[in-house]
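Okay, structure21.cif is below, mmCIF, C-alpha atoms:
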data_query
loop_
_atom_site.label_atom_id
_atom_site.label_comp_id
_atom_site.auth_asym_id
_atom_site.auth_seq_id
_atom_site.Cartn_x
_atom_site.Cartn_y
_atom_site.Cartn_z
CA MET P 1 104.48 27.40 -7.91
CA PRO P 2 103.04 24.24 -6.32
CA VAL P 3 104.82 20.99 -7.01
CA GLN P 4 103.24 17.60 -7.66
CA VAL P 5 104.22 14.63 -5.53
CA LYS P 6 102.87 11.15 -4.93
CA ILE P 7 102.53 9.80 -1.41
CA ASN P 8 101.82 6.07 -1.23
CA GLY P 9 100.54 6.31 -4.81
CA ILE P 10 98.19 9.22 -4.15
CA LYS P 11 98.80 12.46 -6.02
CA MET P 12 99.28 15.52 -3.84
CA SER P 13 99.90 19.14 -4.59
CA ALA P 14 102.47 20.76 -2.30
CA GLU P 15 104.21 24.06 -1.74
CA PRO P 16 107.93 23.95 -2.59
CA GLN P 17 108.96 25.01 0.94
CA GLU P 18 107.07 22.14 2.55
CA THR P 19 108.77 19.03 3.90
CA VAL P 20 107.78 15.50 3.01
CA LEU P 21 106.54 14.99 6.57
CA GLN P 22 104.31 18.08 6.43
CA VAL P 23 102.71 17.03 3.15
CA ALA P 24 102.22 13.46 4.39
CA ARG P 25 100.60 14.55 7.65
CA ARG P 26 98.45 17.08 5.85
CA SER P 27 97.13 14.30 3.64
CA GLY P 28 96.42 12.07 6.62
CA VAL P 29 99.38 9.72 6.19
CA HIS P 30 100.93 8.77 9.52
CA ILE P 31 104.70 8.91 9.86
CA PRO P 32 106.11 8.31 13.35
CA THR P 33 108.50 10.88 14.82
CA LEU P 34 110.39 11.20 18.10
CA CYS P 35 112.53 14.30 17.78
CA HIS P 36 110.34 16.47 15.57
CA LEU P 37 108.51 19.68 16.45
CA GLU P 38 107.08 22.02 13.85
CA SER P 39 108.42 25.05 15.71
CA VAL P 40 112.08 24.02 15.88
CA GLU P 41 114.63 23.09 13.25
CA SER P 42 114.34 19.48 12.05
CA THR P 43 117.56 17.51 12.00
CA GLY P 44 116.38 13.97 11.31
CA ALA P 45 118.28 12.79 14.37
CA CYS P 46 116.02 9.97 15.58
CA ARG P 47 115.59 8.56 12.08
CA VAL P 48 112.20 6.96 12.74
CA CYS P 49 110.53 9.24 10.18
CA LEU P 50 112.42 7.44 7.39
CA VAL P 51 110.57 7.10 4.08
CA GLU P 52 111.45 5.72 0.66
CA MET P 53 111.82 8.48 -1.89
CA LYS P 54 111.94 7.98 -5.64
CA LEU P 55 113.14 10.84 -7.82
CA GLY P 56 114.57 10.70 -11.33
CA GLY P 57 114.81 6.89 -11.33
CA LYS P 58 116.75 6.83 -8.09
CA THR P 59 115.30 5.37 -4.90
CA GLN P 60 116.70 6.23 -1.50
CA LEU P 61 115.77 6.23 2.15
CA THR P 62 115.54 9.66 3.69
CA THR P 63 114.31 11.33 6.85
CA SER P 64 110.99 12.95 5.96
CA CYS P 65 111.11 15.69 8.62
CA ASN P 66 113.89 17.61 6.91
CA ALA P 67 113.51 16.55 3.27
CA GLY P 68 111.95 19.20 1.07
CA VAL P 69 109.45 18.15 -1.57
CA GLU P 70 110.41 18.28 -5.22
CA ASP P 71 108.31 18.01 -8.34
CA GLY P 72 107.75 14.44 -9.45
CA MET P 73 108.82 12.93 -6.13
CA GLU P 74 107.29 9.56 -5.27
CA ILE P 75 107.20 8.81 -1.56
CA MET P 76 106.40 5.50 0.06
CA THR P 77 105.98 5.70 3.81
CA ASP P 78 105.47 2.10 4.86
CA THR P 79 107.40 -0.32 2.62
CA PRO P 80 109.14 -3.40 4.08
CA GLU P 81 112.46 -1.57 3.56
CA VAL P 82 111.22 1.44 5.55
CA GLN P 83 109.87 -0.80 8.29
CA LYS P 84 113.13 -2.74 8.49
CA HIS P 85 115.22 0.38 8.96
CA ARG P 86 112.82 2.00 11.41
CA ALA P 87 112.89 -1.22 13.44
CA ALA P 88 116.70 -1.27 13.42
CA ASN P 89 116.88 2.36 14.56
CA LEU P 90 114.31 1.74 17.27
CA GLU P 91 116.25 -1.27 18.50
CA MET P 92 119.35 0.89 18.91
CA MET P 93 117.38 3.57 20.73
CA LEU P 94 115.73 0.96 22.93
CA GLY P 95 119.23 -0.14 23.96
CA ARG P 96 119.98 3.36 25.15
CA ALA P 97 116.56 4.08 26.64
CA PRO P 98 115.06 0.79 27.82
CA GLY P 99 112.91 2.62 30.35
CA SER P 100 111.25 5.00 27.90
CA GLN P 101 107.57 4.21 27.46
CA LYS P 102 107.38 6.19 24.24
CA ILE P 103 110.24 4.28 22.62
CA ARG P 104 109.00 0.94 23.97
CA ALA P 105 105.53 1.56 22.53
CA LEU P 106 106.85 2.63 19.14
CA ALA P 107 109.37 -0.24 19.03
CA ARG P 108 106.57 -2.69 19.78
CA GLU P 109 104.71 -1.43 16.70
CA TYR P 110 107.71 -2.52 14.65
CA GLY P 111 108.04 -5.89 16.37
CA VAL P 112 111.00 -4.86 18.54
CA TYR P 113 110.66 -5.99 22.13
CA GLU P 114 114.25 -6.19 23.25
CA SER P 115 117.51 -4.66 22.21
CA ALA P 116 120.80 -6.40 21.55
CA TYR P 117 122.59 -3.10 21.91
CA VAL P 118 124.04 -1.97 25.21
CA PRO P 119 125.90 1.34 25.57
CA SER P 120 129.62 0.61 25.76
CA GLU P 121 130.08 2.78 28.82
CA ASP P 122 127.78 4.37 31.37
CA PRO P 123 126.09 7.28 29.65
CA ALA P 124 126.25 10.70 31.34
CA ILE P 125 122.45 10.92 31.05
CA PRO P 126 120.84 7.48 31.19
CA GLY P 127 118.06 7.12 28.65
CA CYS P 128 119.27 9.92 26.38
CA ILE P 129 119.08 9.06 22.66
CA LEU P 130 121.08 12.17 21.69
CA CYS P 131 118.35 13.53 19.40
CA GLU P 132 119.14 17.04 20.67
CA LEU P 133 115.48 18.08 20.70
CA CYS P 134 116.17 19.71 24.09
CA VAL P 135 119.02 21.71 22.54
CA ARG P 136 116.79 22.88 19.69
CA VAL P 137 113.86 23.71 21.99
CA CYS P 138 116.14 25.76 24.25
CA GLU P 139 117.51 27.57 21.22
CA ALA P 140 113.99 28.30 19.91
CA LEU P 141 113.14 29.84 23.29
CA GLY P 142 116.12 32.16 22.94
CA HIS P 143 118.15 30.72 25.81
CA SER P 144 120.60 28.37 24.05
CA ALA P 145 121.78 26.97 27.36
CA LEU P 146 122.40 23.44 26.10
CA ALA P 147 124.73 21.80 23.62
CA ALA P 148 126.10 18.42 22.65
CA VAL P 149 129.37 17.89 24.47
CA SER P 150 132.22 15.58 23.40
CA ARG P 151 132.18 13.21 20.42
CA GLY P 152 131.45 9.62 19.48
CA GLY P 153 130.54 7.17 22.22
CA LYS P 154 131.24 9.79 24.86
CA LYS P 155 128.85 12.38 23.42
CA TYR P 156 126.26 13.74 25.83
CA ILE P 157 124.03 16.77 26.29
CA GLY P 158 125.01 19.37 28.82
CA THR P 159 125.57 22.99 29.69
CA PRO P 160 128.84 24.67 28.62
CA HIS P 161 131.79 23.23 30.60
CA ASP P 162 129.21 21.34 32.73
CA LYS P 163 128.83 24.50 34.81
CA PRO P 164 125.49 26.07 35.75
CA SER P 165 124.47 28.07 32.67
CA GLU P 166 123.74 31.76 33.00
CA SER P 167 121.30 31.68 30.10
CA CYS P 168 119.22 28.81 31.54
CA VAL P 169 116.04 30.18 33.10
CA GLY P 170 114.83 26.87 34.50
CA CYS P 171 111.66 26.78 32.43
CA GLY P 172 111.93 23.00 32.05
CA ALA P 173 110.90 22.98 28.39
CA CYS P 174 113.83 20.66 27.58
CA ALA P 175 112.58 18.11 30.11
CA GLU P 176 108.97 18.44 28.97
CA LYS P 177 109.74 17.81 25.31
CA CYS P 178 112.41 15.11 25.75
CA PRO P 179 111.02 12.02 23.95
CA THR P 180 112.51 9.70 26.57
CA ARG P 181 111.88 12.02 29.52
CA CYS P 182 115.44 11.50 30.69
CA ILE P 183 116.28 15.04 31.82
CA GLU P 184 116.30 15.23 35.57
CA MET P 185 114.16 18.04 36.98
CA THR P 186 113.29 18.19 40.67
CA ASP P 187 110.62 20.56 41.90
CA THR P 188 109.95 21.44 45.52
CA LYS P 189 107.43 24.01 46.67
CA LYS P 190 110.06 26.76 46.57
CA THR P 191 112.71 25.64 44.10
CA ARG P 192 113.41 23.79 40.88
CA THR P 193 116.68 21.96 40.26
CA ILE P 194 117.73 21.24 36.68
CA TRP P 195 121.09 21.01 34.86
CA GLY P 196 123.02 21.36 38.11
CA GLN P 197 121.37 24.60 39.07
CA THR P 198 118.68 25.45 41.60
CA PHE P 199 116.15 28.15 40.72
CA ASP P 200 113.81 29.95 43.08
CA PHE P 201 110.14 29.91 42.21
CA VAL P 202 107.89 32.96 42.13
CA SER P 203 105.35 31.98 44.78
CA CYS P 204 101.64 32.59 44.28
CA GLU P 205 100.54 35.72 46.13
CA THR P 206 97.44 33.93 47.40
CA CYS P 207 98.43 30.34 48.19
CA GLY P 208 102.22 30.17 47.88
CA ALA P 209 102.23 27.54 45.13
CA PRO P 210 104.95 27.86 42.48
CA VAL P 211 104.06 30.03 39.46
CA MET P 212 107.30 29.95 37.45
CA THR P 213 110.99 30.42 38.20
CA VAL P 214 112.11 33.93 39.10
CA ARG P 215 114.53 33.90 36.19
CA GLN P 216 111.88 32.77 33.71
CA ARG P 217 109.66 35.57 34.93
CA THR P 218 112.40 38.16 34.48
CA HIS P 219 112.99 36.88 30.95
CA ALA P 220 109.24 36.92 30.19
CA VAL P 221 108.80 40.47 31.49
CA GLU P 222 111.73 41.61 29.33
CA THR P 223 110.68 39.88 26.13
CA LYS P 224 106.88 39.77 26.17
CA GLU P 225 104.70 42.81 25.99
CA LEU P 226 102.66 41.83 28.99
CA PRO P 227 102.28 43.59 32.33
CA GLU P 228 104.59 42.43 35.10
CA ASP P 229 101.76 41.60 37.49
CA TYR P 230 100.56 38.91 35.09
CA TYR P 231 102.95 36.45 36.61
CA THR P 232 102.21 36.70 40.32
CA THR P 233 99.34 34.30 40.95
CA CYS P 234 99.13 30.55 40.34
CA VAL P 235 96.71 29.17 37.80
CA ALA P 236 94.27 27.71 40.33
CA CYS P 237 94.05 30.91 42.40
CA LYS P 238 93.64 33.08 39.30
CA GLN P 239 90.59 31.06 38.27
CA LYS P 240 89.16 30.91 41.78
CA ASN P 241 89.60 34.65 42.33
CA LEU P 242 87.94 35.43 39.03
CA ALA P 243 84.98 33.16 39.84
CA GLY P 244 84.49 35.16 43.04
CA ARG P 245 84.68 38.44 41.14
CA PHE P 246 82.16 37.25 38.55
CA ALA P 247 79.80 36.14 41.33
CA ARG P 248 79.97 39.56 43.00
CA VAL P 249 79.17 41.28 39.70
CA GLY P 250 76.25 38.90 39.19
CA SER P 251 74.65 39.35 42.59
CA MET D 252 81.39 31.96 14.06
CA GLU D 253 77.77 30.86 13.88
CA LYS D 254 77.19 30.21 17.53
CA THR D 255 78.41 31.66 20.81
CA TYR D 256 79.24 29.71 23.94
CA VAL D 257 77.09 31.06 26.76
CA VAL D 258 77.52 30.45 30.49
CA ILE D 259 74.40 30.86 32.66
CA PRO D 260 75.53 30.63 36.30
CA LYS D 261 72.03 31.00 37.78
CA ASN D 262 71.07 27.64 36.24
CA CYS D 263 74.16 25.85 37.55
CA THR D 264 73.55 23.38 40.40
CA GLY D 265 77.22 22.48 40.83
CA CYS D 266 76.69 18.89 39.69
CA ARG D 267 79.95 19.01 37.69
CA THR D 268 78.61 16.92 34.83
CA CYS D 269 80.35 19.41 32.50
CA GLU D 270 83.72 18.63 34.10
CA LEU D 271 83.13 14.91 33.67
CA ALA D 272 81.98 15.28 30.06
CA CYS D 273 85.04 17.39 29.32
CA SER D 274 87.35 14.82 30.90
CA MET D 275 85.77 12.04 28.92
CA VAL D 276 86.04 13.66 25.49
CA LYS D 277 89.58 14.90 26.13
CA SER D 278 90.98 11.59 27.36
CA LYS D 279 92.00 10.09 24.05
CA ARG D 280 95.70 9.82 24.76
CA ASP D 281 96.92 6.73 26.53
CA GLU D 282 99.75 8.70 28.16
CA ALA D 283 97.28 10.70 30.25
CA GLY D 284 95.81 7.64 31.86
CA ALA D 285 92.18 6.69 31.93
CA LEU D 286 90.63 10.12 32.37
CA GLY D 287 91.78 13.40 30.92
CA LYS D 288 91.80 16.55 32.94
CA PRO D 289 88.80 18.85 32.51
CA ARG D 290 89.13 22.25 30.83
CA ILE D 291 86.12 23.58 32.72
CA HIS D 292 85.94 24.01 36.49
CA ILE D 293 83.03 24.69 38.82
CA TYR D 294 83.53 26.97 41.81
CA PRO D 295 81.04 27.39 44.65
CA THR D 296 80.61 31.13 45.17
CA GLY D 297 77.91 31.20 47.87
CA PRO D 298 74.98 29.20 49.23
CA GLN D 299 73.53 27.30 46.25
CA ARG D 300 75.56 29.48 43.92
CA TYR D 301 78.12 28.22 41.46
CA MET D 302 80.28 29.73 38.78
CA GLN D 303 81.46 27.77 35.72
CA MET D 304 84.92 28.79 34.66
CA THR D 305 86.43 28.00 31.29
CA CYS D 306 88.45 29.76 28.60
CA LEU D 307 86.99 33.02 27.38
CA GLN D 308 88.65 32.62 23.96
CA CYS D 309 90.02 36.18 24.13
CA VAL D 310 90.36 37.96 20.80
CA ASP D 311 93.65 39.58 21.86
CA ALA D 312 94.77 36.76 24.10
CA ALA D 313 97.66 36.96 26.57
CA CYS D 314 98.47 33.26 26.07
CA VAL D 315 98.83 33.79 22.32
CA LYS D 316 101.07 36.82 22.93
CA ALA D 317 103.22 34.94 25.43
CA CYS D 318 103.68 31.80 23.32
CA PRO D 319 107.18 31.85 21.81
CA SER D 320 106.46 29.16 19.22
CA LYS D 321 103.11 30.24 17.75
CA ALA D 322 101.57 27.08 19.15
CA LEU D 323 98.35 28.83 20.18
CA VAL D 324 96.26 29.67 17.16
CA LEU D 325 92.83 31.13 16.63
CA ASN D 326 90.43 28.82 14.82
CA GLU D 327 88.48 31.35 12.80
CA GLU D 328 85.64 28.95 12.20
CA THR D 329 84.84 28.33 15.85
CA GLY D 330 86.46 31.40 17.41
CA ALA D 331 88.43 29.19 19.78
CA VAL D 332 92.13 29.51 20.55
CA GLU D 333 93.56 26.06 19.94
CA VAL D 334 96.81 24.35 20.92
CA ASP D 335 98.96 23.16 18.04
CA GLU D 336 100.63 20.21 19.76
CA GLU D 337 103.18 19.88 16.99
CA ARG D 338 104.47 23.40 17.68
CA CYS D 339 104.38 23.63 21.50
CA VAL D 340 107.88 23.74 23.01
CA GLY D 341 106.67 23.18 26.57
CA CYS D 342 107.86 26.38 28.28
CA GLY D 343 104.60 26.92 30.20
CA LEU D 344 104.52 30.68 29.60
CA CYS D 345 100.88 30.51 28.44
CA GLU D 346 99.79 29.33 31.87
CA ALA D 347 101.73 32.09 33.60
CA ALA D 348 100.47 34.74 31.17
CA CYS D 349 96.71 34.04 31.21
CA PRO D 350 95.27 36.52 33.73
CA PHE D 351 92.25 34.28 34.32
CA GLY D 352 93.84 30.87 34.92
CA HIS D 353 92.01 29.29 32.02
CA ILE D 354 94.99 27.59 30.43
CA ARG D 355 96.89 25.01 32.48
CA PHE D 356 100.19 23.50 31.58
CA ASP D 357 100.15 19.75 32.08
CA ARG D 358 103.52 18.45 33.23
CA ASP D 359 102.65 14.83 32.40
CA LEU D 360 101.78 15.58 28.80
CA GLY D 361 104.18 18.49 28.35
CA LEU D 362 101.31 20.42 26.78
CA PRO D 363 98.89 23.13 27.86
CA LEU D 364 95.27 22.16 28.42
CA LYS D 365 92.62 24.62 27.37
CA CYS D 366 89.08 24.65 26.07
CA ASP D 367 88.88 24.44 22.28
CA LEU D 368 85.06 24.43 22.22
CA CYS D 369 85.36 20.79 21.00
CA GLY D 370 85.57 22.12 17.45
CA GLY D 371 82.26 23.97 17.74
CA ASP D 372 80.08 21.47 19.61
CA PRO D 373 81.26 21.51 23.23
CA ALA D 374 80.58 18.36 25.23
CA CYS D 375 80.00 20.35 28.45
CA ALA D 376 77.06 22.18 26.89
CA ARG D 377 75.67 18.99 25.38
CA PHE D 378 75.78 17.20 28.72
CA CYS D 379 74.70 19.99 31.08
CA PRO D 380 71.37 18.78 32.52
CA TYR D 381 70.25 22.27 33.58
CA GLN D 382 70.93 24.43 30.51
CA ALA D 383 73.60 26.31 32.39
CA LEU D 384 75.96 26.02 29.42
CA GLU D 385 74.67 26.58 25.92
CA MET D 386 75.65 27.22 22.37
CA ARG D 387 73.45 30.04 21.13
CA PRO D 388 73.08 31.40 17.63
#
For this file, write the structure as C-alpha cells.
Amino acid sequence: MPVQVKINGIKMSAEPQETVLQVARRSGVHIPTLCHLESVESTGACRVCLVEMKLGGKTQLTTSCNAGVEDGMEIMTDTPEVQKHRAANLEMMLGRAPGSQKIRALAREYGVYESAYVPSEDPAIPGCILCELCVRVCEALGHSALAAVSRGGKKYIGTPHDKPSESCVGCGACAEKCPTRCIEMTDTKKTRTIWGQTFDFVSCETCGAPVMTVRQRTHAVETKELPEDYYTTCVACKQKNLAGRFARVGS
Amino acid sequence: MEKTYVVIPKNCTGCRTCELACSMVKSKRDEAGALGKPRIHIYPTGPQRYMQMTCLQCVDAACVKACPSKALVLNEETGAVEVDEERCVGCGLCEAACPFGHIRFDRDLGLPLKCDLCGGDPACARFCPYQALEMRP
C-alpha cells in the first residue's frame, strides 16, 4: 500500500519501504549527503542529510537517509533550522578534514568557511570524519576487513588489532568512496599498499600494467561466475587487441 | 529500442572528433577538471585504417555480472548499460571483468566510465563529420 507524504509542500506517493531521501531525490528535491550510498546500509553518520519532519503534530530533525516514510509525513528539506544544523555539522567536519575539497565545497554552500573546532589530539587518520562509509563498503563487498576501533575522542577506523587483515583484498574501494579521500593507498607498477599491507598486482600479459591485486582476482574468480582468464589483461590492451582483431575480420 | 548504434570503420578518418565530443558532454562534474575522459577510443589498425572502440552494450554483460552492488543496470529504453553512481562501491571489478576493455574505472572520480549512448542520442554520432558513427532505425 503506497503512503502519502508531502515534501516541501508537494504531495508525493511513496512505497512504505522507501526512505525520505529516496522519495525526495526521486521527486527532484536535492538533499546533500556525504556518507550515503544506495547499495550499503545507511547510518546517518555525517548528518548533512538532515530534514525537518512533521508527523502527528510533532516536528523533529532527522537524517533522511535512514528515515522510512510514513503516511501523512510532512518533510521540509531546506528550512532555516535545517540549514543551521547542517552548517554546524559541516563546521565540525571541516575541523577534522580541513583539506577535503568535498567538505569545503559543501560547507561553503552553507556559509561555513572556517572551523572553530580542532581535534583534541592528533587523529590516527588525518581528515577522517568517522562516517564509516569505508567500513560499510567493505562489508557490502563481503570482506569486512575494517571496523571502528576505540571509543570517544580516540575512535578511529582500522583493521582488527591494527594488524594486516587477512580478509582485505586490496581492492581500494574504501579509499575510492571515502568522502574526504583520507585513506592512504600507494600504488606502484607492481604493488599496492593500503591498511599496512602490501599487495602484489596481477600484471597485464601484454604491457605489464597493473590489472588488479592478486588477492582481489582470487576472490573474484571464487565468487563471480566468470572465466579466470578474464582478469589477465589491462583495460587499454584489451581494447587495443580487440580493435586489431576487428580490423583483421574486416579486411 | 528504436534505434541501433552503428559503427562504420571504413568511413573513419581517425580525426577523433567523437572522442572530443564525448569528453565535452561527459565533463559536467567539477571534480573531473575541465574535460571529462572519453568513452570512445580510436585505434589506428593499418595505413589509413581506423577502428572506433566503445561499449557494445552486451545483453549478458560481464561487467553487470561482476558488479557486487548492482550499480550497472540495463536501460531498457535505450538498450544501454548505465552506471548508477549512487550504488557503485568503487571496487573496480567491472573494469577487470569486461573482456573488451570498454569500461574503465576512474580513480579520480571513484566511478567507472562507460558509454551510456547519451540517453539515446549519442554525441559522438552527432558530431562525426564522416558518418562513421550513426544511429540507425
inquiry  = If the PyMOL selection byres ((chain P and resi 53-57) around 7) were run on this exact file, what residues would it hold? Put them as a ChimeraX atom specification.
reply    = /P:51-52,58-62,72-76
Print the selection's residues with C-alpha atoms to a file, as an mmCIF file, in the frame of the given file.
data_model
loop_
_atom_site.group_PDB
_atom_site.id
_atom_site.type_symbol
_atom_site.label_atom_id
_atom_site.label_comp_id
_atom_site.auth_asym_id
_atom_site.auth_seq_id
_atom_site.Cartn_x
_atom_site.Cartn_y
_atom_site.Cartn_z
ATOM 1 C CA VAL P 51 110.570 7.100 4.080
ATOM 2 C CA GLU P 52 111.450 5.720 0.660
ATOM 3 C CA LYS P 58 116.750 6.830 -8.090
ATOM 4 C CA THR P 59 115.300 5.370 -4.900
ATOM 5 C CA GLN P 60 116.700 6.230 -1.500
ATOM 6 C CA LEU P 61 115.770 6.230 2.150
ATOM 7 C CA THR P 62 115.540 9.660 3.690
ATOM 8 C CA GLY P 72 107.750 14.440 -9.450
ATOM 9 C CA MET P 73 108.820 12.930 -6.130
ATOM 10 C CA GLU P 74 107.290 9.560 -5.270
ATOM 11 C CA ILE P 75 107.200 8.810 -1.560
ATOM 12 C CA MET P 76 106.400 5.500 0.060
#
Contact check, chain D to chain P, at most 9 Å, counting only C-alpha atoms, closest pairs as a tab-separated table:
residue	atom	partner	partner_atom	distance
D:Pro260	CA	P:Ala247	CA	8.6
D:Glu282	CA	P:Lys102	CA	8.9
D:His292	CA	P:Gln239	CA	8.6
D:Ile293	CA	P:Ala243	CA	8.8
D:Tyr294	CA	P:Ala243	CA	6.7
D:Pro295	CA	P:Ala243	CA	8.5
D:Thr296	CA	P:Gly244	CA	6.0
D:Gly297	CA	P:Ala247	CA	8.4
D:Arg300	CA	P:Ala247	CA	8.3
D:Tyr301	CA	P:Ala247	CA	8.1
D:Met302	CA	P:Ala243	CA	5.9
D:Gln303	CA	P:Ala243	CA	7.6
D:Met304	CA	P:Ala243	CA	6.8
D:Thr305	CA	P:Gln239	CA	8.7
D:Ala313	CA	P:Leu226	CA	7.4
D:Lys316	CA	P:Lys224	CA	7.3
D:Ala317	CA	P:Lys224	CA	6.1
D:Pro319	CA	P:Leu141	CA	6.5
D:Ser320	CA	P:Ser39	CA	5.7
D:Lys321	CA	P:Ser39	CA	7.7
D:Ala322	CA	P:Ser39	CA	7.9
D:Glu336	CA	P:Leu37	CA	8.6
D:Glu337	CA	P:Leu37	CA	5.4
D:Arg338	CA	P:Ser39	CA	4.7
D:Cys339	CA	P:Ser39	CA	7.2
D:Val340	CA	P:Val137	CA	6.1
D:Gly341	CA	P:Ala173	CA	4.6
D:Cys342	CA	P:Ala173	CA	4.6
D:Gly343	CA	P:Cys171	CA	7.4
D:Leu344	CA	P:Ala220	CA	7.8
D:Glu346	CA	P:Val235	CA	6.7
D:Ala347	CA	P:Tyr231	CA	5.4
D:Ala348	CA	P:Tyr230	CA	5.7
D:Cys349	CA	P:Tyr230	CA	7.3
D:Pro350	CA	P:Tyr230	CA	6.0
D:Phe351	CA	P:Lys238	CA	5.3
D:Gly352	CA	P:Val235	CA	4.4
D:His353	CA	P:Gln239	CA	6.6
D:Ile354	CA	P:Val235	CA	7.7
D:Arg355	CA	P:Val235	CA	6.8
D:Arg358	CA	P:Glu176	CA	6.9
D:Asp359	CA	P:Glu176	CA	8.0
D:Leu360	CA	P:Glu176	CA	7.7
D:Gly361	CA	P:Glu176	CA	4.8
D:Leu362	CA	P:Glu176	CA	8.2
request  = Let me know the residues the PyMOL selection byres ((chain P and resi 43) around 10) catches in the file above, as an MDAnalysis selection string.
outcome  = chainID P and resid 35:36 40:42 44:47 63 65:67 131:133 136
request  = Could you give me, as a ChimeraX atom specification, the residues that have an atom at most 8 Å away from the point (91.7, 25.3, 23.6) in the coordinates of the file, using all atoms listed in the file?
outcome  = /D:306,308,331-334,354,364-368
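When all atoms listed in the file are used to compute distances to D:Lys254, the closest of the residues D:Ala272, D:Ala376, D:Leu384, D:Gly371 turns out to be D:Gly371.
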ask   = So which residues touch P:Gln197 within 9 Å, counting all atoms listed in the file, skipping near sequence neighbours fewer than 4 positions away, as a PyMOL selection string?
value = chain P and resi 163-165+168+170+192-193
ask   = Do you know which residues the PyMOL selection byres ((chain P and resi 147-155) around 10) returns on this file, as a count of residues only?
value = 24
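Taking atom CA of P:Val29 and atom CA of P:Leu106 as endpoints, the distance between them is 16.5 Å.
Atom CA of D:Cys375 is found 13.9 Å from atom CA of D:Asn262.
For the atom pair formed by atom CA of P:Met12 and atom CA of P:Val48, the distance is 22.7 Å, given to one decimal.
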Take every atom of stretch 329-332 of chain D listed in the file, pad by 6 Å on each side, and give me the axis-aligned box centre and edge lengths in Å, one decimal, as lines of an AutoDock Vina configuration file.
center_x = 88.5
center_y = 29.9
center_z = 18.2
size_x = 19.3
size_y = 15.1
size_z = 16.7
inquiry  = Using all atoms listed in the file - which residues lie no farther than 12 Å from the point (97.2, 14.9, 3.0) in the file's frame? Write them as a list in words.
reply    = Val5, Lys6, Ile7, Asn8, Ile10, Lys11, Met12, Ser13, Ala14, Val20, Leu21, Gln22, Val23, Ala24, Arg25, Arg26, Ser27, Gly28, Val29, His30 and Ile31 of chain P
ask   = Hey, which of D:Asp357, D:Glu328, D:Glu270, D:Asp311 ends up closest to D:Asp372? Count all atoms listed in the file.
value = D:Glu328
inquiry  = From the options D:Gly265, D:Pro373, D:Pro388, D:Pro363, which residue's atoms come nearest to D:Asp335, counting only C-alpha atoms?
reply    = D:Pro363
Long-range neighbours of stretch 187-189 of chain P as number ranges by chain, 9 Å cut-off, only C-alpha atoms, 2 positions minimum in chain = P: 185, 191-194, 201, 203, 208-210
Hey, could you patch up stretch 327-338 of chain D with N, CA, C and O atoms and hand it over as a CSV table (one decimal), keeping the file's coordinate frame?
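Listed below is the output, rebuild.csv:
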chain,number,residue,atom,x,y,z
D,327,GLU,N,89.4,30.3,13.2
D,327,GLU,CA,88.5,31.4,12.8
D,327,GLU,C,87.1,30.8,12.6
D,327,GLU,O,86.1,31.6,12.8
D,328,GLU,N,87.0,29.5,12.4
D,328,GLU,CA,85.6,29.0,12.2
D,328,GLU,C,84.9,28.9,13.5
D,328,GLU,O,83.7,29.3,13.6
D,329,THR,N,85.5,28.5,14.6
D,329,THR,CA,84.8,28.3,15.8
D,329,THR,C,85.1,29.5,16.8
D,329,THR,O,84.4,29.7,17.8
D,330,GLY,N,86.1,30.3,16.5
D,330,GLY,CA,86.5,31.4,17.4
D,330,GLY,C,87.3,31.0,18.6
D,330,GLY,O,87.5,31.8,19.5
D,331,ALA,N,87.7,29.7,18.6
D,331,ALA,CA,88.4,29.2,19.8
D,331,ALA,C,89.9,29.3,19.5
D,331,ALA,O,90.4,29.2,18.4
D,332,VAL,N,90.7,29.6,20.6
D,332,VAL,CA,92.1,29.5,20.6
D,332,VAL,C,92.5,28.1,20.8
D,332,VAL,O,92.2,27.5,21.8
D,333,GLU,N,93.2,27.5,19.8
D,333,GLU,CA,93.6,26.1,19.9
D,333,GLU,C,95.1,25.8,20.1
D,333,GLU,O,95.9,26.6,19.7
D,334,VAL,N,95.4,24.7,20.7
D,334,VAL,CA,96.8,24.4,20.9
D,334,VAL,C,97.3,23.5,19.7
D,334,VAL,O,96.7,22.5,19.4
D,335,ASP,N,98.3,24.0,19.1
D,335,ASP,CA,99.0,23.2,18.0
D,335,ASP,C,100.1,22.3,18.7
D,335,ASP,O,101.1,22.8,19.0
D,336,GLU,N,99.7,21.1,19.0
D,336,GLU,CA,100.6,20.2,19.8
D,336,GLU,C,102.0,20.0,19.1
D,336,GLU,O,103.0,19.7,19.7
D,337,GLU,N,102.0,20.1,17.7
D,337,GLU,CA,103.2,19.9,17.0
D,337,GLU,C,104.1,21.1,17.1
D,337,GLU,O,105.3,21.0,16.7
D,338,ARG,N,103.6,22.2,17.6
D,338,ARG,CA,104.5,23.4,17.7
D,338,ARG,C,104.9,23.7,19.1
D,338,ARG,O,105.9,24.4,19.3
